[in-house]
$ cat model-v2.tsv   # TSV, C-alpha atoms
chain	number	residue	atom	x	y	z
A	1	MET	CA	-12.26	-16.63	-9.20
A	2	LYS	CA	-9.67	-17.32	-11.90
A	3	GLU	CA	-6.12	-16.18	-11.18
A	4	SER	CA	-6.15	-13.99	-14.31
A	5	ARG	CA	-9.25	-12.18	-13.00
A	6	LEU	CA	-7.62	-11.71	-9.60
A	7	MET	CA	-4.60	-10.13	-11.29
A	8	LEU	CA	-6.95	-7.79	-13.14
A	9	VAL	CA	-8.49	-6.89	-9.75
A	10	GLN	CA	-4.96	-6.22	-8.49
A	11	TYR	CA	-4.19	-3.86	-11.39
A	12	ALA	CA	-7.59	-2.13	-11.25
A	13	THR	CA	-7.30	-1.51	-7.50
A	14	ALA	CA	-3.70	-0.34	-8.04
A	15	VAL	CA	-4.81	2.34	-10.50
A	16	ALA	CA	-7.69	3.36	-8.24
A	17	ALA	CA	-5.38	3.43	-5.20
A	18	VAL	CA	-2.88	5.72	-6.97
A	19	ALA	CA	-5.70	8.22	-7.63
A	20	LEU	CA	-7.40	7.96	-4.21
A	21	VAL	CA	-4.19	7.94	-2.13
A	22	SER	CA	-2.92	10.96	-4.10
A	23	ILE	CA	-6.09	12.89	-3.22
A	24	HIS	CA	-5.80	11.75	0.42
A	25	LEU	CA	-2.19	12.98	0.63
A	26	VAL	CA	-3.03	16.29	-1.04
A	27	MET	CA	-5.75	16.81	1.57
A	28	GLN	CA	-3.28	16.07	4.39
A	29	GLY	CA	-0.42	18.29	3.40
A	30	VAL	CA	-1.29	20.61	0.52
A	31	ILE	CA	-4.88	21.90	0.87
A	32	TYR	CA	-4.49	22.34	4.63
A	33	PRO	CA	-1.37	22.54	6.77
A	34	TYR	CA	-0.82	19.14	8.41
A	35	ALA	CA	-1.70	20.36	11.91
A	36	THR	CA	-5.05	21.67	10.63
A	37	ALA	CA	-5.68	18.55	8.54
A	38	ILE	CA	-5.51	16.24	11.57
A	39	SER	CA	-7.40	18.54	13.94
A	40	TYR	CA	-10.58	17.09	15.42
A	41	ASN	CA	-12.90	19.74	13.96
A	42	ASN	CA	-11.46	19.43	10.44
A	43	ILE	CA	-11.77	15.63	10.42
A	44	LEU	CA	-15.30	15.82	11.77
A	45	SER	CA	-16.28	18.24	8.98
A	46	ILE	CA	-14.72	15.85	6.42
A	47	TYR	CA	-16.69	12.88	7.74
A	48	LYS	CA	-19.92	14.88	7.92
A	49	ASN	CA	-19.51	15.80	4.24
A	50	GLY	CA	-21.19	12.88	2.48
A	51	PHE	CA	-18.89	13.06	-0.55
A	52	TYR	CA	-15.70	12.76	1.53
A	53	ALA	CA	-17.20	10.00	3.67
A	54	ILE	CA	-17.86	7.98	0.50
A	55	PHE	CA	-14.36	8.87	-0.72
A	56	LEU	CA	-12.81	7.53	2.52
A	57	GLU	CA	-14.88	4.34	2.32
A	58	ALA	CA	-13.76	3.80	-1.30
A	59	LEU	CA	-10.14	4.42	-0.26
A	60	LEU	CA	-10.53	1.88	2.54
A	61	VAL	CA	-11.93	-0.85	0.29
A	62	VAL	CA	-9.52	-0.27	-2.61
A	63	VAL	CA	-6.38	-0.20	-0.45
A	64	LEU	CA	-7.32	-3.24	1.64
A	65	VAL	CA	-8.36	-5.37	-1.36
A	66	HIS	CA	-5.13	-4.41	-3.15
A	67	GLY	CA	-3.00	-5.00	-0.04
A	68	PHE	CA	-4.37	-8.37	0.99
A	69	ASN	CA	-4.60	-9.61	-2.60
A	70	GLY	CA	-0.94	-8.61	-2.94
A	71	VAL	CA	-0.02	-10.66	0.14
A	72	ARG	CA	-2.02	-13.56	-1.34
A	73	ILE	CA	0.05	-13.31	-4.54
A	74	ILE	CA	3.31	-13.29	-2.55
A	75	LEU	CA	2.25	-16.29	-0.44
A	76	ASN	CA	1.23	-18.22	-3.56
A	77	GLU	CA	4.66	-17.51	-5.06
A	78	PHE	CA	6.27	-19.24	-2.08
A	79	ARG	CA	4.35	-22.45	-2.38
A	80	GLN	CA	2.14	-23.97	-5.05
A	81	THR	CA	0.05	-26.70	-3.48
A	82	LYS	CA	-3.73	-26.89	-3.62
A	83	PRO	CA	-4.33	-26.93	0.19
A	84	TRP	CA	-1.96	-23.98	0.65
A	85	ALA	CA	-3.75	-21.96	-2.05
A	86	ILE	CA	-7.15	-22.73	-0.49
A	87	TRP	CA	-6.02	-21.60	2.97
A	88	VAL	CA	-4.33	-18.50	1.59
A	89	ASP	CA	-7.44	-17.55	-0.43
A	90	ALA	CA	-9.73	-18.13	2.55
A	91	GLY	CA	-7.44	-16.11	4.83
A	92	THR	CA	-7.32	-13.29	2.29
A	93	VAL	CA	-11.12	-13.07	2.03
A	94	LEU	CA	-11.48	-13.20	5.82
A	95	ALA	CA	-8.81	-10.53	6.36
A	96	ILE	CA	-10.47	-8.23	3.81
A	97	ILE	CA	-13.92	-8.69	5.37
A	98	VAL	CA	-12.70	-8.08	8.96
A	99	THR	CA	-10.57	-5.03	8.18
A	100	VAL	CA	-13.09	-3.42	5.82
A	101	ALA	CA	-15.79	-3.99	8.46
A	102	TYR	CA	-13.65	-2.33	11.16
A	103	GLY	CA	-12.80	0.65	8.94
A	104	THR	CA	-16.41	1.00	7.80
A	105	ARG	CA	-17.48	1.03	11.45
A	106	THR	CA	-15.21	4.04	12.00
A	107	VAL	CA	-16.71	5.86	9.00
A	108	ILE	CA	-20.31	5.07	10.02
A	109	LEU	CA	-19.78	6.08	13.65
A	110	ALA	CA	-18.02	9.28	12.59
A	111	VAL	CA	-20.87	10.20	10.23
A	112	PHE	CA	-23.87	9.03	12.25
A	113	GLY	CA	-22.47	8.50	15.77
A	114	GLY	CA	-23.75	10.19	18.90
A	115	ALA	CA	-22.64	13.48	20.43
A	116	PRO	CA	-18.91	13.86	21.21
A	117	ALA	CA	-17.92	11.90	24.32
B	1	MET	CA	17.71	-37.30	-8.50
B	2	ALA	CA	14.06	-37.98	-7.64
B	3	VAL	CA	11.47	-35.39	-8.68
B	4	GLY	CA	10.68	-34.53	-5.04
B	5	GLU	CA	14.36	-33.93	-4.22
B	6	GLU	CA	14.77	-31.82	-7.35
B	7	LYS	CA	11.77	-29.68	-6.34
B	8	ALA	CA	13.02	-29.29	-2.76
B	9	LYS	CA	16.47	-28.26	-4.03
B	10	ASN	CA	15.02	-25.61	-6.32
B	11	ARG	CA	12.46	-24.24	-3.85
B	12	ARG	CA	14.34	-21.46	-2.11
B	13	GLY	CA	11.28	-19.55	-0.87
B	14	ILE	CA	12.03	-16.25	0.86
B	15	ARG	CA	15.79	-16.90	0.58
B	16	ALA	CA	15.44	-16.32	-3.16
B	17	TRP	CA	14.13	-12.82	-2.43
B	18	LEU	CA	16.83	-11.96	0.02
B	19	SER	CA	19.80	-13.11	-2.04
B	20	PRO	CA	21.02	-10.19	-4.18
B	21	TYR	CA	23.33	-12.50	-6.20
B	22	HIS	CA	23.13	-11.54	-9.89
B	23	TYR	CA	20.39	-8.97	-9.30
B	24	ASN	CA	19.72	-6.38	-11.99
B	25	ALA	CA	17.63	-3.20	-11.59
B	26	GLU	CA	14.42	-5.02	-12.53
B	27	ARG	CA	15.10	-7.76	-9.97
B	28	TRP	CA	15.73	-5.16	-7.24
B	29	ALA	CA	12.51	-3.41	-8.26
B	30	TYR	CA	10.68	-6.75	-7.92
B	31	PHE	CA	12.17	-7.23	-4.45
B	32	PHE	CA	11.35	-3.71	-3.24
B	33	GLN	CA	7.84	-3.80	-4.75
B	34	ARG	CA	7.01	-6.72	-2.46
B	35	VAL	CA	8.83	-5.41	0.61
B	36	THR	CA	7.24	-1.95	0.30
B	37	GLY	CA	3.83	-3.53	-0.37
B	38	VAL	CA	3.95	-5.52	2.86
B	39	ALA	CA	5.25	-2.47	4.78
B	40	ILE	CA	2.43	-0.29	3.43
B	41	LEU	CA	-0.18	-2.90	4.35
B	42	LEU	CA	1.19	-3.04	7.91
B	43	TYR	CA	1.00	0.76	8.09
B	44	VAL	CA	-2.58	0.75	6.73
B	45	LEU	CA	-3.61	-1.74	9.43
B	46	GLY	CA	-2.04	0.50	12.09
B	47	HIS	CA	-3.71	3.53	10.51
B	48	LEU	CA	-7.08	1.74	10.67
B	49	GLY	CA	-6.44	1.29	14.37
B	50	ASP	CA	-5.37	4.85	15.11
B	51	THR	CA	-8.13	6.49	13.05
B	52	SER	CA	-10.71	4.38	14.91
B	53	PHE	CA	-9.83	6.46	17.97
B	54	PHE	CA	-11.60	9.34	16.26
B	55	VAL	CA	-14.78	7.52	17.31
B	56	GLY	CA	-13.42	6.38	20.68
B	57	GLY	CA	-11.43	3.29	19.61
B	58	PRO	CA	-12.68	-0.31	19.37
B	59	THR	CA	-15.41	0.25	21.97
B	60	GLY	CA	-16.34	3.80	20.96
B	61	THR	CA	-19.80	4.88	19.90
B	62	GLY	CA	-19.21	8.18	18.12
B	63	PRO	CA	-16.82	11.11	17.60
B	64	SER	CA	-14.61	11.55	20.64
B	65	PRO	CA	-12.28	14.57	20.97
B	66	SER	CA	-10.65	13.09	24.09
B	67	ALA	CA	-9.82	9.72	22.44
B	68	TRP	CA	-8.48	11.59	19.37
B	69	ALA	CA	-6.32	13.80	21.59
B	70	PHE	CA	-5.07	10.67	23.39
B	71	ILE	CA	-4.00	8.91	20.17
B	72	GLY	CA	-2.47	12.17	18.91
B	73	SER	CA	-0.37	12.41	22.08
B	74	ILE	CA	1.13	9.00	21.21
B	75	PHE	CA	1.84	9.42	17.50
B	76	GLU	CA	2.16	13.17	16.86
B	77	ASN	CA	5.83	13.55	17.75
B	78	SER	CA	9.18	13.46	15.94
B	79	PHE	CA	9.31	9.65	15.93
B	80	GLY	CA	5.78	9.37	14.55
B	81	HIS	CA	6.60	11.94	11.88
B	82	LEU	CA	9.75	10.04	10.88
B	83	ILE	CA	7.59	6.92	10.43
B	84	LEU	CA	5.21	8.96	8.23
B	85	ILE	CA	8.12	10.18	6.09
B	86	LEU	CA	9.25	6.56	5.60
B	87	VAL	CA	5.68	5.62	4.70
B	88	VAL	CA	5.57	8.39	2.06
B	89	LEU	CA	8.95	7.18	0.70
B	90	VAL	CA	7.85	3.56	0.25
B	91	LEU	CA	4.34	4.56	-0.87
B	92	PHE	CA	5.61	6.65	-3.78
B	93	PHE	CA	8.15	4.02	-4.82
B	94	HIS	CA	5.45	1.33	-4.71
B	95	GLY	CA	3.00	3.49	-6.66
B	96	VAL	CA	5.32	4.58	-9.47
B	97	ASN	CA	6.97	1.17	-9.77
B	98	GLY	CA	3.48	-0.36	-9.76
B	99	VAL	CA	2.54	1.82	-12.75
B	100	ARG	CA	5.68	0.46	-14.48
B	101	LEU	CA	4.53	-3.09	-13.79
B	102	ILE	CA	1.08	-2.40	-15.24
B	103	LEU	CA	2.66	-0.85	-18.35
B	104	ALA	CA	4.91	-3.92	-18.67
B	105	GLU	CA	1.89	-6.20	-18.25
B	106	LEU	CA	0.23	-4.32	-21.11
B	107	GLY	CA	3.41	-4.71	-23.18
B	108	VAL	CA	3.87	-0.94	-23.52
B	109	ILE	CA	7.47	-0.79	-22.30
B	110	LEU	CA	8.64	-4.21	-23.48
B	111	ARG	CA	10.69	-4.94	-26.61
B	112	LYS	CA	10.22	-7.89	-28.90
B	113	PRO	CA	11.95	-10.96	-27.45
B	114	SER	CA	14.91	-12.20	-29.47
B	115	ALA	CA	17.68	-14.81	-29.32
B	116	ILE	CA	20.02	-14.44	-26.36
B	117	GLU	CA	23.56	-13.39	-27.26
B	118	TYR	CA	26.68	-12.50	-25.33
B	119	PRO	CA	26.77	-10.65	-22.85
B	120	TYR	CA	23.37	-12.20	-22.15
B	121	LYS	CA	21.49	-9.03	-21.23
B	122	PRO	CA	17.71	-9.52	-21.30
B	123	LYS	CA	16.63	-7.98	-24.60
B	124	GLY	CA	12.94	-7.89	-23.83
B	125	LEU	CA	13.41	-5.17	-21.23
B	126	GLY	CA	13.03	-1.82	-22.94
B	127	PHE	CA	14.73	1.47	-22.04
B	128	GLY	CA	11.46	2.64	-20.46
B	129	GLN	CA	11.75	-0.04	-17.78
B	130	LYS	CA	14.98	1.36	-16.38
B	131	VAL	CA	13.83	4.97	-16.72
B	132	LEU	CA	10.69	4.22	-14.72
B	133	ILE	CA	12.60	2.35	-12.02
B	134	TYR	CA	14.96	5.28	-11.53
B	135	ALA	CA	12.01	7.68	-11.75
B	136	ALA	CA	10.28	5.70	-8.98
B	137	VAL	CA	13.32	6.13	-6.73
B	138	ALA	CA	13.68	9.85	-7.56
B	139	ILE	CA	9.97	10.60	-7.07
B	140	ALA	CA	9.93	8.66	-3.79
B	141	VAL	CA	12.88	10.66	-2.45
B	142	ALA	CA	11.29	13.95	-3.60
B	143	ALA	CA	8.01	12.98	-1.92
B	144	ALA	CA	9.85	12.11	1.30
B	145	VAL	CA	11.52	15.55	1.26
B	146	TRP	CA	8.08	17.13	0.73
B	147	ALA	CA	6.71	15.09	3.67
B	148	PHE	CA	9.65	16.25	5.81
B	149	LEU	CA	8.90	19.88	4.96
B	150	VAL	CA	5.18	19.43	5.70
B	151	LEU	CA	5.70	17.59	8.99
B	152	PHE	CA	8.77	19.33	10.42
B	153	GLU	CA	8.76	22.75	8.75
B	154	GLY	CA	5.00	23.38	8.77
B	155	MET	CA	4.72	23.73	4.98
B	156	GLY	CA	1.50	22.84	3.23
$ encode --input "model-v2.tsv" --output "structure tokens"
Amino acid sequence: MKESRLMLVQYATAVAAVALVSIHLVMQGVIYPYATAISYNNILSIYKNGFYAIFLEALLVVVLVHGFNGVRIILNEFRQTKPWAIWVDAGTVLAIIVTVAYGTRTVILAVFGGAPA
Amino acid sequence: MAVGEEKAKNRRGIRAWLSPYHYNAERWAYFFQRVTGVAILLYVLGHLGDTSFFVGGPTGTGPSPSAWAFIGSIFENSFGHLILILVVLVLFFHGVNGVRLILAELGVILRKPSAIEYPYKPKGLGFGQKVLIYAAVAIAVAAAVWAFLVLFEGMG
């Protein structure tokens, strides 16, 4: 992908992250007291609500794409050689895939997983 | 001087970030945008790890109250809450300063470039740039105070 497109991705995910993280923070410390927000039963009810599960998945993808693309930009500022850029880009894609997969696993297991252990 | 030597001399890498020599507010904002970005990403990776304990951790198969209680016993204390307050501080700075960067990218808060004159202040940087940088700091501090009240005083 062209660097200009990747910067657009960075700005688009930044705007989305500002909105999604704001909602996430409001849910943690404004709508409910913090102790209630992180209680097992409250989190389970959030995951079991399809809308919030999709919201958390969107938050996961947006934040990780923005974060790792940001690190890619920083690393490409340090050094501008073709092999370096290729390794950095490959590492960025791999890091996004692995971390999004791990986070998605948490969401899926929380929504569809078996009875509490 | 050969081209290679010239390049090597000018390539300061991370040292260029860490040297505050001749920094202005915009340069500090650039520095902190990157530092806070990396810090937030590290927190997010840790948060991915701790929230996975809601389903029993890396080897879990579904919601697990015992694994969640275990991870809570590690992080839900004064030290963990201080880390969260720091996260809120850097998160709000990064977010508001990031909005400034997007506005600058769109040209909204930039002036027309003009010839450089003594005392050589960058003329392209509009008043809005500085206001937003200071606003980012003020909002971040206010958010950290809010986080302190939520986490230590039970507000929310």
$ atom_distance --input "model-v2.tsv" --atom1 "CA of Ile97 in chain A" --atom2 "CA of Phe68 in chain A"
10.5 Å
$ interface_residues --input "model-v2.tsv" --of "chain A" --to "chain B" --cutoff "9 Å" --atoms "all atoms listed in the file" --output "number ranges by chain"
A: 11, 14-15, 17-18, 28-35, 38-41, 43-44, 60, 63-64, 67-68, 70-71, 74, 77-79, 99, 102-103, 105-117
$ axis_aligned_box --input "model-v2.tsv" --around "range 56-60 of chain B" --padding-each-side "5 Å" --output "JSON"
{"center_x": -13.9, "center_y": 3.0, "center_z": 20.7, "size_x": 14.9, "size_y": 16.7, "size_z": 12.6}
$ closest_residue --input "model-v2.tsv" --among "A:Thr36, A:Ser4, A:Ser22, A:Thr104" --to "Ala143 in chain B" --atoms "only C-alpha atoms"
A:Ser22
$ closest_residue --input "model-v2.tsv" --among "B:Gln129, B:Leu103, B:Val90, B:Glu117" --to "Val141 in chain B" --atoms "all atoms listed in the file"
B:Val90
$ closest_residue --input "model-v2.tsv" --among "B:Ile71, B:Ser78, B:Gly128, B:Lys112" --to "Gly46 in chain B" --atoms "only C-alpha atoms"
B:Ile71
$ atom_distance --input "model-v2.tsv" --atom1 "CA of Leu18 in chain B" --atom2 "CA of Phe31 in chain B"
8.0 Å
$ atom_distance --input "model-v2.tsv" --atom1 "CA of Ala19 in chain A" --atom2 "CA of Leu59 in chain A"
9.4 Å
$ residues_around --input "model-v2.tsv" --residues "Thr92 in chain A" --least-positions-apart "4" --cutoff "8 Å" --atoms "all atoms listed in the file" --output "mmCIF file with C-alpha atoms, keeping the file's coordinate frame"
data_model
loop_
_atom_site.group_PDB
_atom_site.id
_atom_site.type_symbol
_atom_site.label_atom_id
_atom_site.label_comp_id
_atom_site.auth_asym_id
_atom_site.auth_seq_id
_atom_site.Cartn_x
_atom_site.Cartn_y
_atom_site.Cartn_z
ATOM 1 C CA PHE A 68 -4.370 -8.370 0.990
ATOM 2 C CA ASN A 69 -4.600 -9.610 -2.600
ATOM 3 C CA ARG A 72 -2.020 -13.560 -1.340
ATOM 4 C CA VAL A 88 -4.330 -18.500 1.590
ATOM 5 C CA ILE A 96 -10.470 -8.230 3.810
#
$ residues_near_point --input "model-v2.tsv" --point "(-13.3, 12.8, -4.0)" --cutoff "9 Å" --atoms "only C-alpha atoms" --output "list in words"
Leu20, Ile23, His24, Phe51, Tyr52, Ile54, Phe55 and Leu56 of chain A
$ closest_residue --input "model-v2.tsv" --among "B:Val145, B:Ile139, B:Ala104, B:Leu84" --to "Leu125 in chain B" --atoms "only C-alpha atoms"
B:Ala104
$ closest_residue --input "model-v2.tsv" --among "B:Ala138, B:Leu106, B:Phe148, B:Arg100" --to "Glu26 in chain B" --atoms "all atoms listed in the file"
B:Arg100
$ build_atoms --input "model-v2.tsv" --residues "range 12-42 of chain A" --atoms "N, CA and C atoms" --output "short mmCIF file (atom, residue, chain, number, x, y, z; two decimals), keeping the file's coordinate frame"
data_model
loop_
_atom_site.label_atom_id
_atom_site.label_comp_id
_atom_site.auth_asym_id
_atom_site.auth_seq_id
_atom_site.Cartn_x
_atom_site.Cartn_y
_atom_site.Cartn_z
N ALA A 12 -6.52 -3.15 -11.32
CA ALA A 12 -7.59 -2.13 -11.25
C ALA A 12 -7.55 -1.40 -9.90
N THR A 13 -7.37 -2.16 -8.82
CA THR A 13 -7.30 -1.51 -7.50
C THR A 13 -6.01 -0.69 -7.37
N ALA A 14 -4.95 -1.12 -8.07
CA ALA A 14 -3.70 -0.34 -8.04
C ALA A 14 -3.92 1.04 -8.65
N VAL A 15 -4.56 1.05 -9.82
CA VAL A 15 -4.81 2.34 -10.50
C VAL A 15 -5.72 3.22 -9.64
N ALA A 16 -6.77 2.60 -9.09
CA ALA A 16 -7.69 3.36 -8.24
C ALA A 16 -6.97 3.88 -6.99
N ALA A 17 -6.10 3.03 -6.41
CA ALA A 17 -5.38 3.43 -5.20
C ALA A 17 -4.45 4.61 -5.48
N VAL A 18 -3.77 4.60 -6.63
CA VAL A 18 -2.88 5.72 -6.97
C VAL A 18 -3.68 7.03 -6.96
N ALA A 19 -4.87 7.00 -7.57
CA ALA A 19 -5.70 8.22 -7.63
C ALA A 19 -6.21 8.61 -6.23
N LEU A 20 -6.78 7.64 -5.51
CA LEU A 20 -7.40 7.96 -4.21
C LEU A 20 -6.36 8.35 -3.15
N VAL A 21 -5.23 7.62 -3.12
CA VAL A 21 -4.19 7.94 -2.13
C VAL A 21 -3.60 9.32 -2.44
N SER A 22 -3.45 9.63 -3.73
CA SER A 22 -2.92 10.96 -4.10
C SER A 22 -3.83 12.06 -3.55
N ILE A 23 -5.14 11.89 -3.73
CA ILE A 23 -6.09 12.89 -3.22
C ILE A 23 -5.99 12.98 -1.69
N HIS A 24 -5.90 11.81 -1.05
CA HIS A 24 -5.80 11.75 0.42
C HIS A 24 -4.56 12.52 0.90
N LEU A 25 -3.43 12.30 0.22
CA LEU A 25 -2.19 12.98 0.63
C LEU A 25 -2.28 14.48 0.38
N VAL A 26 -2.89 14.85 -0.73
CA VAL A 26 -3.03 16.29 -1.04
C VAL A 26 -3.88 16.96 0.05
N MET A 27 -4.90 16.25 0.51
CA MET A 27 -5.75 16.81 1.57
C MET A 27 -5.01 16.93 2.90
N GLN A 28 -4.00 16.06 3.11
CA GLN A 28 -3.28 16.07 4.39
C GLN A 28 -2.15 17.09 4.44
N GLY A 29 -1.61 17.46 3.30
CA GLY A 29 -0.42 18.29 3.40
C GLY A 29 -0.33 19.41 2.39
N VAL A 30 -1.35 19.55 1.53
CA VAL A 30 -1.29 20.61 0.52
C VAL A 30 -2.46 21.58 0.70
N ILE A 31 -3.69 21.02 0.73
CA ILE A 31 -4.88 21.90 0.87
C ILE A 31 -4.87 22.57 2.24
N TYR A 32 -4.60 21.79 3.27
CA TYR A 32 -4.49 22.34 4.63
C TYR A 32 -3.09 22.06 5.16
N PRO A 33 -2.60 22.91 6.06
CA PRO A 33 -1.37 22.54 6.77
C PRO A 33 -1.66 21.25 7.56
N TYR A 34 -0.62 20.44 7.78
CA TYR A 34 -0.82 19.14 8.41
C TYR A 34 -1.52 19.25 9.76
N ALA A 35 -1.10 20.23 10.57
CA ALA A 35 -1.70 20.36 11.91
C ALA A 35 -3.20 20.62 11.82
N THR A 36 -3.61 21.41 10.82
CA THR A 36 -5.05 21.67 10.63
C THR A 36 -5.75 20.42 10.11
N ALA A 37 -5.07 19.72 9.18
CA ALA A 37 -5.68 18.55 8.54
C ALA A 37 -6.05 17.48 9.56
N ILE A 38 -5.22 17.31 10.60
CA ILE A 38 -5.51 16.24 11.57
C ILE A 38 -6.23 16.76 12.81
N SER A 39 -6.67 18.02 12.77
CA SER A 39 -7.40 18.54 13.94
C SER A 39 -8.79 17.91 14.00
N TYR A 40 -9.29 17.76 15.20
CA TYR A 40 -10.58 17.09 15.42
C TYR A 40 -11.69 17.73 14.59
N ASN A 41 -11.80 19.06 14.64
CA ASN A 41 -12.90 19.74 13.96
C ASN A 41 -12.83 19.56 12.44
N ASN A 42 -11.61 19.60 11.89
CA ASN A 42 -11.46 19.43 10.44
C ASN A 42 -11.87 18.02 10.02
#
